[in-house]
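Visitor: I am attaching a structure below and will ask some questions about it afterwards.
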Amino acid sequence: TRDVRCAACGGARRTMRSRGALLALTITLWVLGVTGVHVQNTEEDTNPEALQAFSVAGHIQEVLAHLRTRSLPGVSIPRNTTVKGLPPEEASVLWLLVKGNVTARRYDPCHDWSPVVGCRDGHVVSIDFSVSEKHDLRVASTLPENMEDLAQLETLRLPASGLAGSLPASLGRIATLVEMDVANNNLEGSIPSTFFTALSRLRRLDLSYNHLSGELPSVEALTSATHIFLQGNRFMGALPQNLSSLHTLRVLDVSDNHLIGTLPSLNGLRALEVLRLYGNQLTGPLPVSLQPTTSLRLLDLGNNFLTGSLDGLGTGGETVEELLLGGNFLHGIPPDLSSLTHLRILDLSRNILAVELGDSLAGIPDLQQLNASRCGLSGVFPALSRGIRVVDLSHNHLEGELPTGLGKRHPRLSYLDLHANQFVGVVPNLHTLQTVDLRNNSFLCPTPQWLSLSCVEVVLTSVVPSHAGDIGGEEVTVSGSSFTPLLRCMFDGAEVASQLINDTTLVCSAPSHAPGNATLALSYKGANVSSNNLLFTYLCHGKTFLFNKTCIECPQGALCADNMIEAGPGYWKHVVPDGTGSVLVLPCTPREACSGNGKCTEGYEGERCGSCVEGYYRLGSFCEKCGESHRFQFAIMLCILLAVCGSIFWVSRKQRGILGPLDTITHYFQMVAVFSTIALNWPRTLDTLFDALSIVNFNLDFMAAECETTLQFTDRWFLKMGLPLMLLALFSAVYLIVRLVGVVTGRMTREESYRVWNRLSNTFVSLLTLMYLFLAHTTVQIFDCTSRGGISVLDAEPNLICYEGWWYRVLPWAIVGLLAYVIGIPLLVFIVLYNHRHQLDTPEFLARFGLVYANYKKEYYYWEVMIMARKFGLLLPSILIGRYPLSQAIVCLMVLVGALYFHQLVHPYCVPQDNMLDSGLLFMLALMLFAGQLFYSQEASLSVQKALEVSIYLLFAVSLIYMLFFYGMHVYNVWWMGKERWLYFHTAAGEGAHPVLRHRVLSKQRKFAPPPGQRERGGTLH
């Protein structure tokens, strides 16, 4: 034995045990070499396959002829093998040799390629490339010419196999062929005229979807044929006239070709079930009757040029289920199609029927789909079977109304296309259908929104008169367009008798109705068809307005007439967005901002006229017009702030005694400015006074930043909140500059710089206590939201809605300000003073914090914290109960009275005159606030309000005189009591000594200079 490697199959190692086999292989390879046939392997390491040799002699053509009798034509070699020297069909034959099996004594393709190839008694009887998609075989590009060699072949299935070329005539000579399927390939050319001559046993023929052309040959020999598929080709000419001889034919499909001529006779086609001749150029009439085809289920003659009448449909055809005749020139229709008892699909579209369907289709019990579009149909919507599913009657001349309850009559109806007709009336309820097209008709509006229809609008223009009493009975005249006799007046859904005068005028009688507004519309058979409605009013009487069909008394600040409510001057009508239509009449801040009836006066805009228009800036609650002076207001405000800082610093350095009552006077002005937050209908002059005094509260609105910049409310809010930080940065910069200059020049020692730092700290802490009311008011503004009908707006800026994006962005900073300013400043001052309560008289502590507590008795060193609490007590009601100004004023009055009581109880100031000054100013504040409460009463006459205004001015003037008197006494005691007393207070205490003045001692003993050891805080110097 010897190992032989097969050169044609990629190096497979097999052992040849037979000398005869080895000899035959040697002869075969020698013959191939002689004839120039070269087999080359282009891929190494492929799966080895044996080459079976045949005992042959002679020329290579004899070998090939022998192989053809045993192998499968139409199969090409794999992509990894190239064959040179052979034509394509012989290369296919050679592939069978390559695929041989050496384990068998004979080559057996049926065993290797099952189920693609089927054999019987050693002969190939079936080739089916449709049974598996996983075989490694490929059909050749063309069908071989020697197909008749497969003499026993019964089944040939090569669909979608990429075949090209023409049908070989040899294929038609396989008399045993029962089924031929070469559909979906690229075959071309014509079918040979004798192709079907020998195929008497052929039952199924499928040449569909190729490129075959020419005339169809005679099919008379296909006596066993049951299915013939020739659609999707380019056949021309007429249908074979001997079709009627195919008595066993069940399905014939020759659609989508170029056939001409008339329809062949259906006589003899007794077994025919499906006939498709769609998409040809056939002419002539339809068959007179469908009776010859007793088993016909589907007849498709669409898209041809057939003419004549459809009368033949009325007889026979009991078995027909689908009748497709669209796209022809047919006319007429039988009055009764009840003979088509099994018809499910009927297509008569794109013909020239030009008839009324009437009840002609009602007798078809199983009809499910009807397409009669573009047929020139007229009349009304036809009667159809209950089980209808699809109806297309578009592009016709149908008119009238659609049947009421169309969806209920046909519960299975899912598709309805009636567009481009002349239907009128209202659209019935079709929401149960999946697809509805009613476009280009004349339906009355309104139509369901989901249909997106254009419709005929019944337009209402006017009703005279437009109101009536609640008992009704008044005759009204309605004017409009597109009125019809069946239209009726409808008041809030209640139809009343109507009389049509013409297509633009209708007269009806108003029914009784509850007070309020009623909707007047026109109805058509109970449905509202008006494109617009008119408002008809049932009036209330007296000073009332209508809400929820009830007459309600007019609220304060409102004007009520004809069931309507409007805001009067100084008030704003706010509609509550809760869907009920309720309104709130709210006072404007200031009152003069609202002119009434939802309008704002000059300079104001927005909700409750709470914003300033361009060219105005906000000062307190008023919008002031920007002028030439506003350019200097920023500089003036800055100069005032620097002057206050410098004055406090100067007083803390040398002239401590001059500060005295100024602290108390400043507290008074700051609390007077708080009155502007209480909406007590203050006269404009008093509001102006309060806003002017707010400069003592470091009101940065005086800068008029809106006149030069586009700063919004939040920008101004952050600017105010950052003022302490800016002052801290300023003082730090001043100290660094002073320290740097001292170091450079060498004129300032460390102790001197330390004293400068103490004085700066003293000044900053004193400024924080003075700015406390301003910082607290700015901080709590963010929390001052008023709910108006479910929407909370910011009182400081009514155009801003609380609890939205901007509010949540500012909220964290407001909380920081609440902790750092509102709570932090008093708490920090108290903690510092409490922790150093035993070092209050030390020079170092006095130099750093003396201005905060030096004016108070020793046991009341914390009184500055109490004053800050007093200020916050006046401010807090504006946040909690600001919506109720009278209650807010009462709470503030209680705070003032309580502060006066505690002040009289403890007399916290060292100097009695300061106690008297503070008590008198608190009493004046209480009187002013009490008088201001009387302004809130709307019943006060103009003269009474004027008297109240004058009284408040008198109280303010008395307060000023009172302050001047006590401050004059203080200046006299400090400046005009003599040099010795001044030197005593200046030198005995030293640079950082306690700055308290002992006025009562100096008033009697001008030369008295007690030793330092007898000085005592909080009492009289003895």
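Residue numbering restarts at 1 in every chain; chains get A, B, ... in the order shown in the structure tokens, and ligands count up from 1 in that same order.
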With a distance cut-off of 7 Å and only C-alpha atoms, select the neighbouring residues of stretch 493-505 of chain A, excluding the residue or stretch itself and same-chain residues fewer than 6 positions from it, and output the selection as a ChimeraX atom specification.

Guide: /A:478-485

Visitor: Residues as selected, N, CA and C atoms, written as a short mmCIF file (atom, residue, chain, number, x, y, z; two decimals), in the first residue's frame, can you do that?

Guide:
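So again_34.cif came out as:
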```cif
data_model
loop_
_atom_site.label_atom_id
_atom_site.label_comp_id
_atom_site.auth_asym_id
_atom_site.auth_seq_id
_atom_site.Cartn_x
_atom_site.Cartn_y
_atom_site.Cartn_z
N VAL A 478 -81.01 86.10 16.32
CA VAL A 478 -79.63 85.63 16.15
C VAL A 478 -79.24 85.83 14.69
N SER A 479 -78.10 86.45 14.47
CA SER A 479 -77.60 86.69 13.12
C SER A 479 -76.31 85.91 12.90
N GLY A 480 -76.09 85.49 11.64
CA GLY A 480 -74.87 84.74 11.32
C GLY A 480 -74.87 84.32 9.88
N SER A 481 -74.35 83.13 9.59
CA SER A 481 -74.27 82.64 8.22
C SER A 481 -74.38 81.13 8.22
N SER A 482 -74.74 80.58 7.04
CA SER A 482 -74.87 79.12 6.82
C SER A 482 -75.96 78.51 7.68
N PHE A 483 -77.07 79.22 7.91
CA PHE A 483 -78.18 78.68 8.69
C PHE A 483 -79.00 77.74 7.80
N THR A 484 -79.51 76.66 8.40
CA THR A 484 -80.36 75.70 7.70
C THR A 484 -81.66 75.52 8.47
N PRO A 485 -82.69 74.95 7.84
CA PRO A 485 -84.00 74.84 8.52
C PRO A 485 -83.99 74.01 9.79
#
```

Visitor: Restricting the calculation to only C-alpha atoms: of A:Cys375, A:Val738, A:Leu266, A:Thr685, which residue gets closest to A:Arg750?

Guide: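 Residue with the minimum atom-to-atom distance to A:Arg750: A:Val738.
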
Visitor: Go through stretch 367-549 of chain A and collect every residue that DSSP, computed from the backbone, puts in strand (DSSP E or B); the answer should be as a PyMOL selection string.

Guide: chain A and resi 369-371+378-379+390-392+397-401+415-417+422-424+435-437+444+456+458-464+467-468+475-481+487-491+494-496+498-502+505-509+516-524+527-528+530+534-538+544-547

Visitor: What's the 7 Å shell around A:Gly302, counting only C-alpha atoms, without same-chain residues fewer than 3 positions away, as a PyMOL selection string?

Guide: chain A and resi 278-279+324-328

Visitor: Could you pull the residues within 8 Å of A:Leu393, counting only C-alpha atoms, minus those fewer than 6 positions along the same chain, as a list in words?

Guide: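 Non-adjacent residues within range: Asn371, Ala372, Ser373, Arg374, Asp417, Leu418 and His419 of chain A.
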
Visitor: Quote the spacing between atom CA of A:Cys455 and atom CA of A:Arg350 in Å to one decimal place.

Guide: 26.4 Å

Visitor: Which residues, written as JSON, numbers by chain, have at least one atom at most 8 Å from A:Thr435, with only C-alpha atoms counted and residues fewer than 5 positions away on the same chain left out?

Guide: {"A": [414, 415, 416, 417]}

Visitor: Can you pull out the residues contacting A:Glu356? Cut-off 12 Å, using only C-alpha atoms, and skip same-chain residues under 6 positions away; I want them as a ChimeraX atom specification.

Guide: /A:331-335,372,375-383,393,396-399

Visitor: Would you mind reading off the distance between atom CA of A:Ser919 and atom CA of A:Thr763, one decimal, in Å?

Guide: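 Separation between atom CA of A:Ser919 and atom CA of A:Thr763: 26.3 Å.
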
Visitor: Which polymer residues have any atom within 12 Å of an atom of A:His836, counting only C-alpha atoms, with same-chain residues fewer than 5 positions away left out, as a VMD selection string?

Guide: chain A and resid 829 to 831 841 to 842 844 to 846 848 to 850 853 858 861 to 862

Visitor: Could you please take those selected residues and save N, CA and C atoms as a compact mmCIF listing (two decimals), in the first residue's frame?

Guide:
```txt
# COMPACT_ATOMS: atom_id res chain seq x y z
N VAL A 829 -23.13 89.72 69.31
CA VAL A 829 -22.92 90.84 70.23
C VAL A 829 -23.17 90.41 71.67
N PHE A 830 -24.24 89.66 71.88
CA PHE A 830 -24.55 89.23 73.25
C PHE A 830 -23.47 88.30 73.79
N ILE A 831 -23.01 87.35 72.98
CA ILE A 831 -21.99 86.40 73.45
C ILE A 831 -20.70 87.12 73.80
N ASP A 841 -14.88 97.61 81.59
CA ASP A 841 -14.23 98.90 81.86
C ASP A 841 -12.78 98.92 81.43
N THR A 842 -12.27 97.82 80.92
CA THR A 842 -10.87 97.81 80.52
C THR A 842 -10.68 98.64 79.26
N GLU A 844 -8.77 98.25 76.65
CA GLU A 844 -8.71 97.51 75.40
C GLU A 844 -10.12 97.13 74.91
N PHE A 845 -10.96 96.62 75.82
CA PHE A 845 -12.30 96.20 75.41
C PHE A 845 -13.17 97.40 75.05
N LEU A 846 -13.00 98.51 75.80
CA LEU A 846 -13.76 99.72 75.46
C LEU A 846 -13.36 100.25 74.08
N ARG A 848 -12.40 98.54 71.60
CA ARG A 848 -12.85 97.66 70.51
C ARG A 848 -14.36 97.57 70.40
N PHE A 849 -15.10 97.57 71.52
CA PHE A 849 -16.54 97.39 71.48
C PHE A 849 -17.30 98.43 72.29
N GLY A 850 -16.65 99.49 72.71
CA GLY A 850 -17.30 100.43 73.62
C GLY A 850 -18.53 101.10 73.06
N TYR A 853 -22.01 99.36 73.97
CA TYR A 853 -22.61 99.25 75.30
C TYR A 853 -22.30 100.42 76.22
N LYS A 858 -24.22 99.40 83.65
CA LYS A 858 -23.39 98.21 83.64
C LYS A 858 -24.23 96.94 83.65
N TYR A 861 -25.74 96.01 80.02
CA TYR A 861 -24.76 96.09 78.93
C TYR A 861 -25.30 95.48 77.64
N TYR A 862 -26.26 94.62 77.73
CA TYR A 862 -26.82 93.92 76.57
C TYR A 862 -27.98 94.67 75.95
```
